[in-house]
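Below: one structure, written as structure tokens.
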Amino acid sequence: MMGRIREARSSRPEAECSGRLIVRHGPSAAVRQRSRRRREAAAAAGVAESKLACGRAHSPMLRASPYTYAVLDGLLREHFPFPRRILQVHALLLTSGALLPASPCAATAAFPYNCLAHAHLRVPAASTSTPPPAPLRLFSAMLARGARPNGHTFPSLLKSAAASCPAAATSLHAQCLRRGLVADRFVACSLVSAYARSGHPARDARKVFDEMGGPPDLASCNALLDALCLAGDLAAAESFFAQMAVRDVVSWTTLVSGLSRAGRHRCALEAFREFLLDHKGRLGEATLVTVLSACANIDGADGLSAGKAVHSYIVRHELNLTAFLGTALVDMYGKHGKLGCCNSAFEIVHKKESCTWNALLSALANHGKETEALAKFDMMTAQGFLPNQITFVALLTACGRAGLVEIGLYWFEVMVAEYKVTPLMVHYGCVVDLLGHAGRFVEAIQFIDRMPFTADASVWGALLGACKLYGNVELAEEIGLKLMVLGPQQSGRYVTIRNVYLEDGNWYAATRMGVAMQEAGIKKTVGQSSVVFHGSAIT
DNA sequence: ATAGGGTTAG
């Protein structure tokens, strides 16, 4: 406990003067005792009591006035970049009674709750841990204490819900309706965004947008644009974008990211270039990250050279390589197989995060540096970075490529048992790939049967690859039937199955597969070696 | 001397 207090003081000594302004003097014995009890309760809850606003011996009671509110807001703002201090200020507000009514007969103010909820948006999920995110818990608390949520309350709540509690979006919307707040443009804008980010169909977001009071403003338009992109309706998004009266960097970034997410990376890059034609200002992190991501996914020299151009922009303007930007850069070089650049970009990212490591690991795993990927994984965990689902995809891929079957199986077990990472379809695919490449077909099939959900085409495809490797025609045929049920669209798989037959010399079966494909509605005749789909060959 | 919304990496 002492250690924490000392750290808070020594790392930010100037903060000590902030709070004294907001305390009222003259504590009675009863008040002193109450305040001690509060401190103990806070301590028991594991929150460090900070000296920053406590004036220690005084009974801290907030007086509700515009002035104290301004101080409170300033106090929180000052601590925005430091998640733990936000928690400390929260603890302070709890112990000082700022979240309670100023007097027994007064109403509880919404203001401190609103500020606090907003501040908590800066706290990464890991620190807040428990499932309902802090802003939503604060909402319950304010309702319980009779504070009346207002138009300033909901934007933070909706943002938080969209990020980590999608199911809450509709209830919050109901709350806004009941309180007559849906005409507020901030609230409406947040609702549009929250619906889109909670996986609702675009029409829900659109409805809120249409029912917003007055003409829509730019932010709301951008929110709807994003909603259309997220719902996958790029045609609607593009036409909406075209008829927007005003567009800013956010509008363009939203469009570029939407196109890129839809797989139209070249279109995304073109849109960005169009944007550059008459944009004179500096580019921000979000825009650069989005463009780098598009560049990463454009195969060939075009993508790489555009990515390099973005990199040189970063260097020229001496932009700080944040985790976000750095990761995008590492990924861009990694996807293009430029492992040297990838590595040096990785090295200069100041505050690396797990995803930064992930980008590096994926690059190594996918470009023949499997052993190095395994070594970097060890470094990553040794330095205290928590591996996540993506990390293990890279790790298992590396094991698969290197033929390290036992090691791969080991890490799969560790992933589930030790890191509590819930395996996704891709992870199962990796393990099936591992087993398959070792020729352990029985185990692979047992493994698939034990999966908590039904295997999709990617998992069967992994096994199919192994069938091809080992000439296991019988199993290939079985898988062929399954794939036909799962997805008649997967023409590439059929071709692989056919090739298994062909290599086995089974021309009859190969022809039959061709017929089956035609029956499944695949425009592909036996005898071709590849199909062209949207300009790229699938074999 | 009172707060809030839209874009971003693996």
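If you're wondering about the labels, chains in the structure tokens are A, B, ... by order shown, residues count from 1 in each chain, ligands from 1 in order shown.
Residues in contact with A:Asp204 at 12 Å, where only C-alpha atoms (C1' of nucleotides) are counted and same-chain residues fewer than 3 positions away are skipped, are listed as A:Ala169, A:Thr170, A:His173, A:Ala188, A:Leu191, A:Val192, A:Ser193, A:Ala194, A:Tyr195, A:Ala196, A:Arg197, A:Ser198, A:Gly199, A:His200, A:Pro201, A:Lys207, A:Val208, A:Phe209, A:Asp210, A:Glu211, A:Leu224, A:Ala227, A:Leu228, A:Ala231.
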Determine, counting only C-alpha atoms (C1' of nucleotides), which protein, DNA and RNA residues have an atom within 12 Å of an atom of A:Gly307; residues of the same chain fewer than 3 positions away are not included. Present the result as a PyMOL selection string.
chain A and resi 269+288-304+310-314+328-336+338+341-342
Residue contacts of A:Phe80 (9 Å, only C-alpha atoms (C1' of nucleotides)) excluding same-chain residues fewer than 2 positions away, as number ranges by chain:
A: 76-78, 82-83, 85-86, 119-120, 122-123
Could you take the residues named above and write them with all heavy atoms, as a compact mmCIF listing (two decimals), in the first residue's frame?
# COMPACT_ATOMS: atom_id res chain seq x y z
N LEU A 76 -9.37 15.06 -13.68
CA LEU A 76 -9.47 13.82 -14.44
C LEU A 76 -8.71 13.93 -15.77
O LEU A 76 -7.99 13.02 -16.16
CB LEU A 76 -10.94 13.48 -14.71
CG LEU A 76 -11.64 12.81 -13.53
CD1 LEU A 76 -13.14 12.89 -13.68
CD2 LEU A 76 -11.19 11.36 -13.39
N ARG A 77 -8.88 15.05 -16.42
CA ARG A 77 -8.24 15.26 -17.71
C ARG A 77 -6.72 15.15 -17.60
O ARG A 77 -6.06 14.59 -18.46
CB ARG A 77 -8.57 16.65 -18.23
CG ARG A 77 -9.51 16.63 -19.38
CD ARG A 77 -10.04 18.01 -19.65
NE ARG A 77 -11.49 17.93 -19.71
CZ ARG A 77 -12.13 17.34 -20.70
NH1 ARG A 77 -11.47 16.82 -21.71
NH2 ARG A 77 -13.43 17.27 -20.70
N GLU A 78 -6.22 15.73 -16.53
CA GLU A 78 -4.78 15.73 -16.29
C GLU A 78 -4.25 14.31 -16.21
O GLU A 78 -3.10 14.05 -16.51
CB GLU A 78 -4.56 16.45 -14.96
CG GLU A 78 -3.16 16.88 -14.68
CD GLU A 78 -3.10 17.47 -13.28
OE1 GLU A 78 -4.12 18.03 -12.80
OE2 GLU A 78 -2.03 17.33 -12.67
N PHE A 82 -2.84 8.26 -17.89
CA PHE A 82 -2.34 7.33 -16.87
C PHE A 82 -3.49 6.57 -16.24
O PHE A 82 -4.05 6.99 -15.22
CB PHE A 82 -1.57 8.08 -15.79
CG PHE A 82 -0.58 9.06 -16.35
CD1 PHE A 82 -0.85 10.41 -16.35
CD2 PHE A 82 0.62 8.61 -16.92
CE1 PHE A 82 0.05 11.32 -16.89
CE2 PHE A 82 1.52 9.51 -17.47
CZ PHE A 82 1.24 10.86 -17.45
N PRO A 83 -3.84 5.44 -16.83
CA PRO A 83 -5.02 4.70 -16.41
C PRO A 83 -5.11 4.47 -14.90
O PRO A 83 -6.18 4.63 -14.32
CB PRO A 83 -4.84 3.36 -17.12
CG PRO A 83 -4.03 3.66 -18.30
CD PRO A 83 -3.13 4.80 -17.91
N ARG A 85 -4.02 6.20 -12.50
CA ARG A 85 -4.36 7.41 -11.75
C ARG A 85 -5.84 7.74 -11.89
O ARG A 85 -6.43 8.34 -11.00
CB ARG A 85 -3.52 8.58 -12.23
CG ARG A 85 -2.06 8.33 -11.89
CD ARG A 85 -1.24 9.52 -12.23
NE ARG A 85 0.16 9.12 -12.35
CZ ARG A 85 1.05 9.77 -13.06
NH1 ARG A 85 0.68 10.84 -13.73
NH2 ARG A 85 2.28 9.35 -13.11
N ILE A 86 -6.41 7.36 -13.04
CA ILE A 86 -7.86 7.53 -13.18
C ILE A 86 -8.56 6.72 -12.09
O ILE A 86 -9.50 7.19 -11.44
CB ILE A 86 -8.34 7.04 -14.57
CG1 ILE A 86 -7.67 7.83 -15.69
CG2 ILE A 86 -9.86 7.11 -14.67
CD1 ILE A 86 -8.26 9.17 -15.97
N ALA A 119 -13.76 9.54 -18.33
CA ALA A 119 -12.36 9.27 -18.04
C ALA A 119 -12.05 7.78 -18.13
O ALA A 119 -10.98 7.39 -18.60
CB ALA A 119 -12.01 9.79 -16.65
N HIS A 120 -13.00 6.97 -17.72
CA HIS A 120 -12.77 5.53 -17.74
C HIS A 120 -12.63 4.98 -19.14
O HIS A 120 -12.14 3.87 -19.33
CB HIS A 120 -13.90 4.80 -17.00
CG HIS A 120 -13.60 4.55 -15.56
ND1 HIS A 120 -12.67 3.61 -15.16
CD2 HIS A 120 -14.07 5.13 -14.43
CE1 HIS A 120 -12.61 3.62 -13.83
NE2 HIS A 120 -13.44 4.54 -13.36
N ARG A 122 -10.61 5.91 -21.13
CA ARG A 122 -9.18 5.88 -21.40
C ARG A 122 -8.49 4.71 -20.72
O ARG A 122 -7.32 4.44 -20.97
CB ARG A 122 -8.53 7.17 -20.89
CG ARG A 122 -9.09 8.43 -21.48
CD ARG A 122 -8.86 8.42 -22.97
NE ARG A 122 -9.09 9.74 -23.54
CZ ARG A 122 -8.12 10.58 -23.88
NH1 ARG A 122 -6.89 10.24 -23.72
NH2 ARG A 122 -8.42 11.75 -24.39
N VAL A 123 -9.20 4.05 -19.83
CA VAL A 123 -8.58 2.95 -19.10
C VAL A 123 -8.72 1.69 -19.93
O VAL A 123 -9.83 1.31 -20.30
CB VAL A 123 -9.26 2.75 -17.73
CG1 VAL A 123 -8.58 1.65 -16.95
CG2 VAL A 123 -9.25 4.05 -16.95
Residues of stretch 260-371 of chain A at most 7 Å from chain B: nearest atom pair and distance in Å, only C-alpha atoms (C1' of nucleotides), as CSV:
residue,atom,partner,partner_atom,distance
A:Glu285,CA,B:DT8,C1',6.8
A:Ala286,CA,B:DT8,C1',3.9
A:Thr287,CA,B:DT8,C1',6.8
A:Val289,CA,B:DT8,C1',5.4
A:Thr290,CA,B:DT8,C1',5.9
A:Phe324,CA,B:DA9,C1',5.1
A:Leu325,CA,B:DA9,C1',6.8
A:Thr327,CA,B:DA9,C1',5.2
A:Ala328,CA,B:DA9,C1',4.6
A:Cys355,CA,B:DG10,C1',4.8
A:Thr356,CA,B:DG10,C1',6.9
A:Asn358,CA,B:DG10,C1',5.1
A:Ala359,CA,B:DG10,C1',5.1
Same residues, N, CA and C atoms, output as a short mmCIF file (atom, residue, chain, number, x, y, z; two decimals), in the first residue's frame:
data_model
loop_
_atom_site.label_atom_id
_atom_site.label_comp_id
_atom_site.auth_asym_id
_atom_site.auth_seq_id
_atom_site.Cartn_x
_atom_site.Cartn_y
_atom_site.Cartn_z
N GLU A 285 -2.64 9.87 -36.97
CA GLU A 285 -2.34 8.47 -36.75
C GLU A 285 -3.38 7.55 -37.38
N ALA A 286 -4.66 7.83 -37.14
CA ALA A 286 -5.72 6.94 -37.63
C ALA A 286 -5.65 6.79 -39.15
N THR A 287 -5.47 7.92 -39.84
CA THR A 287 -5.41 7.87 -41.30
C THR A 287 -4.22 7.06 -41.78
N VAL A 289 -2.49 4.79 -40.20
CA VAL A 289 -2.64 3.37 -39.86
C VAL A 289 -3.55 2.69 -40.88
N THR A 290 -4.65 3.37 -41.21
CA THR A 290 -5.59 2.80 -42.17
C THR A 290 -4.93 2.58 -43.53
N PHE A 324 0.18 1.81 -32.10
CA PHE A 324 -0.75 1.66 -33.22
C PHE A 324 -0.04 1.80 -34.56
N LEU A 325 0.64 2.94 -34.69
CA LEU A 325 1.31 3.25 -35.95
C LEU A 325 2.44 2.27 -36.21
N THR A 327 2.82 -0.77 -35.10
CA THR A 327 2.32 -2.10 -35.44
C THR A 327 1.89 -2.16 -36.90
N ALA A 328 1.20 -1.11 -37.35
CA ALA A 328 0.77 -1.09 -38.75
C ALA A 328 1.98 -1.13 -39.68
N CYS A 355 0.13 -6.61 -29.67
CA CYS A 355 -0.12 -6.67 -31.11
C CYS A 355 1.11 -6.34 -31.92
N THR A 356 2.00 -5.50 -31.39
CA THR A 356 3.23 -5.21 -32.09
C THR A 356 4.04 -6.50 -32.26
N ASN A 358 2.75 -9.44 -32.18
CA ASN A 358 1.99 -10.30 -33.08
C ASN A 358 2.34 -10.05 -34.53
N ALA A 359 2.45 -8.77 -34.88
CA ALA A 359 2.76 -8.44 -36.27
C ALA A 359 4.12 -9.03 -36.65
#
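Atom pair atom CA of A:Pro149 / atom CA of A:Gly213 has a distance of 19.6 Å (rounded to one decimal).
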Spatial neighbours of A:Gly436, max dist 6 Å, only C-alpha atoms (C1' of nucleotides), sep filter under 5 positions, as a list in words
Phe441, Leu463 and Ala466 of chain A
Near-A:Ala141 list (10 Å; only C-alpha atoms (C1' of nucleotides); drop same-chain fewer than 5 positions) as a PyMOL selection string
chain A and resi 99+113+135-136+146-147
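Here atom CA of A:Ser140 stands at a distance of 16.3 Å from atom CA of A:Ser164.
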Which residue, A:Ser260, A:Gln383, A:Ser103, A:Thr254, has the smallest gap to chain B when you use only C-alpha atoms (C1' of nucleotides)?
A:Thr254
For chain B, which residue out of A:Thr397, A:Asn366, A:Thr454, A:Asn150 is the nearest one, using only C-alpha atoms (C1' of nucleotides)?
A:Asn150
Excluding stretch 361-365 of chain A and any residue of its chain fewer than 6 positions from it, enumerate the residues within 6 Å of it, using only C-alpha atoms (C1' of nucleotides), and give them as a PyMOL selection string.
chain A and resi 334+373+394+398
Those residues you just picked out, can you put them in a file as a PDB file, in the first residue's frame with N, CA and C atoms?
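Contents of selection.pdb, as written:
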ATOM      1  N   GLY A 334       6.108  -6.680 -42.888  1.00  0.00           N
ATOM      2  CA  GLY A 334       6.014  -8.126 -42.686  1.00  0.00           C
ATOM      3  C   GLY A 334       5.230  -8.815 -43.790  1.00  0.00           C
ATOM      4  N   ALA A 373      10.592 -17.128 -35.016  1.00  0.00           N
ATOM      5  CA  ALA A 373       9.270 -16.785 -34.466  1.00  0.00           C
ATOM      6  C   ALA A 373       9.111 -17.402 -33.075  1.00  0.00           C
ATOM      7  N   ALA A 394      -0.091 -17.196 -34.934  1.00  0.00           N
ATOM      8  CA  ALA A 394       1.253 -17.083 -35.501  1.00  0.00           C
ATOM      9  C   ALA A 394       2.149 -18.216 -34.998  1.00  0.00           C
ATOM     10  N   ALA A 398       3.779 -21.172 -37.207  1.00  0.00           N
ATOM     11  CA  ALA A 398       5.224 -21.404 -37.254  1.00  0.00           C
ATOM     12  C   ALA A 398       5.525 -22.874 -37.004  1.00  0.00           C
TER      13      ALA A 398
END
A straight line from atom CA of A:Ala205 to atom CA of A:Ser257 spans 18.6 Å
So which bits of stretch 143-285 of chain A end up alpha helix (DSSP H) when you DSSP the backbone, as JSON, numbers by chain?
{"A": [143, 144, 153, 154, 155, 156, 157, 158, 159, 160, 161, 162, 163, 164, 168, 169, 170, 171, 172, 173, 174, 175, 176, 177, 178, 185, 186, 187, 188, 189, 190, 191, 192, 193, 194, 195, 196, 197, 202, 203, 204, 205, 206, 207, 208, 209, 210, 218, 219, 220, 221, 222, 223, 224, 225, 226, 227, 228, 229, 230, 234, 235, 236, 237, 238, 239, 240, 241, 242, 249, 250, 251, 252, 253, 254, 255, 256, 257, 258, 259, 260, 261, 265, 266, 267, 268, 269, 270, 271, 272, 273, 274, 275, 276, 277, 285]}
Residues near A:Tyr419, anyone? I mean within 8 Å using only C-alpha atoms (C1' of nucleotides), not counting same-chain ones fewer than 5 positions away, as a list in words.
Pro387, Asn388 and Val414 of chain A
